[in-house]
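For reference, query.txt (compact mmCIF, N, CA and C atoms):
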# COMPACT_ATOMS: atom_id res chain seq x y z
N MET K 1 0.84 -1.17 0.00
CA MET K 1 0.00 0.00 0.00
C MET K 1 0.88 1.23 0.00
N GLY K 2 0.36 2.29 -0.57
CA GLY K 2 1.13 3.53 -0.65
C GLY K 2 0.77 4.50 0.45
N LYS K 3 1.56 5.52 0.57
CA LYS K 3 1.30 6.57 1.57
C LYS K 3 0.21 7.50 1.08
N ARG K 4 -0.59 8.00 2.01
CA ARG K 4 -1.61 9.00 1.66
C ARG K 4 -0.98 10.36 1.63
N ASN K 5 -1.41 11.14 0.69
CA ASN K 5 -0.92 12.51 0.60
C ASN K 5 -2.03 13.43 1.08
N ASN K 6 -1.90 13.96 2.29
CA ASN K 6 -2.93 14.82 2.88
C ASN K 6 -2.82 16.26 2.41
N ASP K 7 -1.77 16.60 1.72
CA ASP K 7 -1.59 17.98 1.27
C ASP K 7 -2.67 18.43 0.31
N SER K 8 -3.19 17.54 -0.50
CA SER K 8 -4.20 17.92 -1.48
C SER K 8 -5.57 18.14 -0.84
N ASN K 9 -5.79 17.61 0.36
CA ASN K 9 -7.09 17.72 1.01
C ASN K 9 -7.16 18.87 2.02
N THR K 10 -6.09 19.57 2.21
CA THR K 10 -6.09 20.65 3.20
C THR K 10 -6.57 21.93 2.56
N SER K 11 -7.19 22.75 3.38
CA SER K 11 -7.67 24.05 2.91
C SER K 11 -7.04 25.12 3.79
N PRO K 12 -6.92 26.33 3.28
CA PRO K 12 -6.33 27.38 4.10
C PRO K 12 -7.20 27.68 5.32
N VAL K 13 -6.57 27.98 6.42
CA VAL K 13 -7.29 28.28 7.66
C VAL K 13 -7.80 29.71 7.59
N GLU K 14 -9.10 29.87 7.88
CA GLU K 14 -9.69 31.20 7.88
C GLU K 14 -9.51 31.81 9.24
N SER K 15 -9.21 33.10 9.27
CA SER K 15 -9.03 33.76 10.56
C SER K 15 -10.39 34.10 11.15
N ALA K 16 -10.56 33.80 12.44
CA ALA K 16 -11.81 34.05 13.14
C ALA K 16 -11.74 35.40 13.86
N PRO K 17 -12.88 36.06 14.06
CA PRO K 17 -12.87 37.31 14.81
C PRO K 17 -12.47 37.05 16.27
N ALA K 18 -11.99 38.08 16.95
CA ALA K 18 -11.56 37.95 18.34
C ALA K 18 -12.76 37.57 19.21
N VAL K 19 -12.60 36.51 19.98
CA VAL K 19 -13.67 36.06 20.88
C VAL K 19 -13.09 35.82 22.26
N ASN K 20 -13.94 35.91 23.27
CA ASN K 20 -13.49 35.63 24.63
C ASN K 20 -13.75 34.17 24.96
N GLU K 21 -13.49 33.76 26.20
CA GLU K 21 -13.58 32.37 26.59
C GLU K 21 -15.00 31.81 26.52
N THR K 22 -16.03 32.64 26.55
CA THR K 22 -17.40 32.15 26.46
C THR K 22 -17.88 32.05 25.02
N GLY K 23 -17.06 32.45 24.08
CA GLY K 23 -17.43 32.35 22.67
C GLY K 23 -18.05 33.62 22.11
N GLU K 24 -18.22 34.65 22.93
CA GLU K 24 -18.79 35.90 22.44
C GLU K 24 -17.68 36.79 21.89
N GLN K 25 -18.03 37.63 20.95
CA GLN K 25 -17.05 38.57 20.42
C GLN K 25 -16.69 39.58 21.49
N LYS K 26 -15.42 39.96 21.52
CA LYS K 26 -14.97 40.92 22.52
C LYS K 26 -15.56 42.29 22.20
N ARG K 27 -15.96 42.99 23.24
CA ARG K 27 -16.56 44.30 23.10
C ARG K 27 -15.93 45.20 24.16
N PRO K 28 -15.67 46.44 23.82
CA PRO K 28 -15.10 47.32 24.85
C PRO K 28 -16.06 47.45 26.03
N THR K 29 -15.51 47.68 27.21
CA THR K 29 -16.32 47.79 28.41
C THR K 29 -17.18 49.04 28.35
N VAL K 30 -18.47 48.86 28.48
CA VAL K 30 -19.41 49.98 28.51
C VAL K 30 -20.32 49.81 29.71
N TYR K 31 -20.94 50.90 30.11
CA TYR K 31 -21.79 50.92 31.30
C TYR K 31 -23.17 51.41 30.92
N VAL K 32 -24.17 50.93 31.64
CA VAL K 32 -25.55 51.35 31.45
C VAL K 32 -26.15 51.71 32.80
N VAL K 33 -27.18 52.55 32.77
CA VAL K 33 -27.87 52.95 34.01
C VAL K 33 -29.00 51.98 34.26
N VAL K 34 -29.02 51.43 35.48
CA VAL K 34 -30.07 50.49 35.85
C VAL K 34 -30.79 50.99 37.10
N ARG K 35 -32.04 50.62 37.19
CA ARG K 35 -32.87 50.95 38.36
C ARG K 35 -33.44 49.64 38.87
N ASP K 36 -33.06 49.26 40.07
CA ASP K 36 -33.47 48.00 40.66
C ASP K 36 -33.06 46.81 39.78
N GLY K 37 -31.90 46.94 39.11
CA GLY K 37 -31.38 45.87 38.27
C GLY K 37 -31.88 45.87 36.84
N PHE K 38 -32.84 46.73 36.52
CA PHE K 38 -33.39 46.79 35.17
C PHE K 38 -32.88 48.03 34.44
N ARG K 39 -32.49 47.84 33.20
CA ARG K 39 -31.97 48.95 32.40
C ARG K 39 -33.06 49.98 32.17
N VAL K 40 -32.73 51.27 32.38
CA VAL K 40 -33.72 52.32 32.23
C VAL K 40 -33.41 53.29 31.09
N SER K 41 -32.28 53.15 30.46
CA SER K 41 -31.92 54.05 29.38
C SER K 41 -31.34 53.27 28.21
N ASP K 42 -31.48 53.81 27.01
CA ASP K 42 -30.90 53.14 25.86
C ASP K 42 -29.47 53.61 25.58
N LYS K 43 -28.95 54.52 26.38
CA LYS K 43 -27.59 55.02 26.18
C LYS K 43 -26.58 54.11 26.86
N GLU K 44 -25.38 54.03 26.27
CA GLU K 44 -24.27 53.29 26.85
C GLU K 44 -23.12 54.26 27.06
N TYR K 45 -22.42 54.11 28.17
CA TYR K 45 -21.36 55.05 28.53
C TYR K 45 -20.02 54.32 28.65
N ASP K 46 -18.95 55.00 28.24
CA ASP K 46 -17.61 54.43 28.37
C ASP K 46 -17.10 54.50 29.80
N ASP K 47 -17.59 55.46 30.56
CA ASP K 47 -17.12 55.67 31.93
C ASP K 47 -18.32 56.00 32.81
N PRO K 48 -18.46 55.32 33.96
CA PRO K 48 -19.61 55.62 34.83
C PRO K 48 -19.53 57.00 35.47
N LYS K 49 -18.38 57.66 35.39
CA LYS K 49 -18.23 59.01 35.94
C LYS K 49 -18.38 60.09 34.88
N ASP K 50 -18.81 59.70 33.69
CA ASP K 50 -19.10 60.64 32.62
C ASP K 50 -20.20 61.59 33.11
N PRO K 51 -20.04 62.91 32.93
CA PRO K 51 -21.05 63.86 33.44
C PRO K 51 -22.47 63.57 32.94
N VAL K 52 -22.61 63.13 31.71
CA VAL K 52 -23.95 62.81 31.19
C VAL K 52 -24.51 61.60 31.93
N CYS K 53 -23.68 60.63 32.20
CA CYS K 53 -24.10 59.43 32.94
C CYS K 53 -24.50 59.80 34.37
N VAL K 54 -23.71 60.65 35.01
CA VAL K 54 -24.01 61.09 36.37
C VAL K 54 -25.34 61.84 36.41
N ASN K 55 -25.59 62.70 35.41
CA ASN K 55 -26.86 63.42 35.33
C ASN K 55 -28.04 62.46 35.16
N GLU K 56 -27.85 61.44 34.34
CA GLU K 56 -28.92 60.48 34.14
C GLU K 56 -29.19 59.68 35.41
N ILE K 57 -28.14 59.31 36.13
CA ILE K 57 -28.32 58.60 37.40
C ILE K 57 -29.10 59.46 38.38
N GLU K 58 -28.75 60.73 38.47
CA GLU K 58 -29.46 61.65 39.38
C GLU K 58 -30.93 61.78 38.98
N PHE K 59 -31.21 61.86 37.69
CA PHE K 59 -32.59 61.93 37.21
C PHE K 59 -33.38 60.70 37.67
N TRP K 60 -32.82 59.50 37.45
CA TRP K 60 -33.53 58.28 37.82
C TRP K 60 -33.65 58.11 39.32
N LYS K 61 -32.70 58.67 40.08
CA LYS K 61 -32.82 58.64 41.54
C LYS K 61 -34.01 59.48 42.00
N LYS K 62 -34.21 60.65 41.36
CA LYS K 62 -35.36 61.50 41.69
C LYS K 62 -36.67 60.78 41.34
N VAL K 63 -36.70 60.13 40.18
CA VAL K 63 -37.90 59.39 39.77
C VAL K 63 -38.18 58.28 40.77
N SER K 64 -37.15 57.57 41.15
CA SER K 64 -37.31 56.47 42.10
C SER K 64 -37.79 56.96 43.46
N LYS K 65 -37.25 58.08 43.90
CA LYS K 65 -37.63 58.62 45.21
C LYS K 65 -39.05 59.16 45.21
N ASN K 66 -39.44 59.85 44.15
CA ASN K 66 -40.74 60.52 44.11
C ASN K 66 -41.90 59.63 43.66
N HIS K 67 -41.63 58.63 42.82
CA HIS K 67 -42.72 57.88 42.21
C HIS K 67 -42.67 56.39 42.49
N SER K 68 -41.85 55.98 43.42
CA SER K 68 -41.72 54.55 43.66
C SER K 68 -41.27 54.33 45.10
N TYR K 69 -40.67 53.22 45.37
CA TYR K 69 -40.26 52.91 46.74
C TYR K 69 -38.76 53.11 46.97
N GLY K 70 -38.09 53.84 46.09
CA GLY K 70 -36.68 54.16 46.28
C GLY K 70 -35.72 53.08 45.87
N GLU K 71 -35.91 52.50 44.69
CA GLU K 71 -35.01 51.47 44.21
C GLU K 71 -33.59 52.00 44.05
N LYS K 72 -32.63 51.10 44.06
CA LYS K 72 -31.23 51.47 43.87
C LYS K 72 -31.01 51.81 42.40
N VAL K 73 -30.39 52.96 42.14
CA VAL K 73 -30.07 53.40 40.79
C VAL K 73 -28.57 53.51 40.70
N GLU K 74 -27.99 52.88 39.65
CA GLU K 74 -26.54 52.89 39.52
C GLU K 74 -26.13 52.63 38.08
N ALA K 75 -24.87 52.89 37.78
CA ALA K 75 -24.29 52.54 36.48
C ALA K 75 -23.53 51.24 36.67
N VAL K 76 -23.88 50.24 35.87
CA VAL K 76 -23.24 48.93 35.95
C VAL K 76 -22.66 48.56 34.60
N GLN K 77 -21.74 47.60 34.63
CA GLN K 77 -21.16 47.13 33.39
C GLN K 77 -22.22 46.44 32.55
N TYR K 78 -22.21 46.71 31.25
CA TYR K 78 -23.21 46.18 30.33
C TYR K 78 -23.11 44.66 30.24
N ASP K 79 -24.24 44.00 30.33
CA ASP K 79 -24.34 42.56 30.14
C ASP K 79 -25.35 42.33 29.02
N SER K 80 -24.91 41.71 27.93
CA SER K 80 -25.75 41.58 26.74
C SER K 80 -27.02 40.77 26.99
N LYS K 81 -27.03 39.91 27.98
CA LYS K 81 -28.24 39.13 28.25
C LYS K 81 -29.21 39.87 29.15
N LYS K 82 -28.71 40.61 30.13
CA LYS K 82 -29.59 41.29 31.07
C LYS K 82 -30.01 42.68 30.61
N HIS K 83 -29.19 43.35 29.83
CA HIS K 83 -29.42 44.76 29.53
C HIS K 83 -29.74 45.03 28.07
N ARG K 84 -30.24 44.08 27.35
CA ARG K 84 -30.58 44.33 25.95
C ARG K 84 -31.83 45.18 25.85
N ILE K 85 -31.96 45.82 24.72
CA ILE K 85 -33.12 46.68 24.46
C ILE K 85 -34.05 45.94 23.53
N TRP K 86 -35.30 45.85 23.89
CA TRP K 86 -36.28 45.13 23.07
C TRP K 86 -36.79 46.01 22.02

Would you mind writing the file out in structure tokens?
Amino acid sequence: MGKRNNDSNTSPVESAPAVNETGEQKRPTVYVVVRDGFRVSDKEYDDPKDPVCVNEIEFWKKVSKNHSYGEKVEAVQYDSKKHRIW
């Protein structure tokens, strides 16, 4: 019997996009404003200390204090499963 030549059956390897250990594509760290764990704004911020982000947090704190039972309002790191927009 002869040797098999595997060189003819190989194909060039395609480069894959950068992914993290869970298989998702890497995305820069962004933050969203949440009230009681639920996203309340469609904006995403690069820094939770961004003046626009701080103003939005203060707005939602007033809403929470005046029209609800005072839920916790904060800027948290974006999670694609919990903070998606429908």

Using only the atoms of range 41-57 of chain K listed in the file, plus 3 Å on each side, state the axis-aligned box centre and edge lengths in Å rounded to one decimal, as JSON.
{"center_x": -24.7, "center_y": 58.5, "center_z": 32.0, "size_x": 21.2, "size_y": 16.7, "size_z": 18.8}

How many Å lie between CA of Arg84 in chain K and atom N of Arg35 in chain K, rounded to one decimal?
->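 Atom-to-atom, CA of Arg84 in chain K to atom N of Arg35 in chain K, that is 13.0 Å.
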
Tell me which protein, DNA and RNA residues are within 12 Å of Trp86 in chain K, counting only C-alpha atoms, leaving out same-chain ones fewer than 6 positions away, and put them as JSON, numbers by chain.
-> {"K": [39, 40, 41, 42, 80]}

Of the residues K:Val52, K:Arg27, K:Asp46, K:Ile57, which is the one nearest to Ala75 in chain K, using only C-alpha atoms?
-> K:Ile57

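Counting all atoms listed in the file and comparing K:Lys81, K:Val76, K:Trp60, K:Gly70, the residue that lies closest to Val32 in chain K is K:Val76.
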
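As for CA of Asp79 in chain K and atom N of Pro51 in chain K, they are spaced 21.0 Å apart.
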
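We find atom C of Asn66 in chain K and atom N of Tyr78 in chain K to be spaced 26.6 Å apart.
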
Find, counting all atoms listed in the file, the residue in K:Asp50, K:Glu56, K:Glu71, K:Glu44 that gets nearest to Val30 in chain K.
->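 The answer is K:Glu44, which sits nearest to Val30 in chain K.
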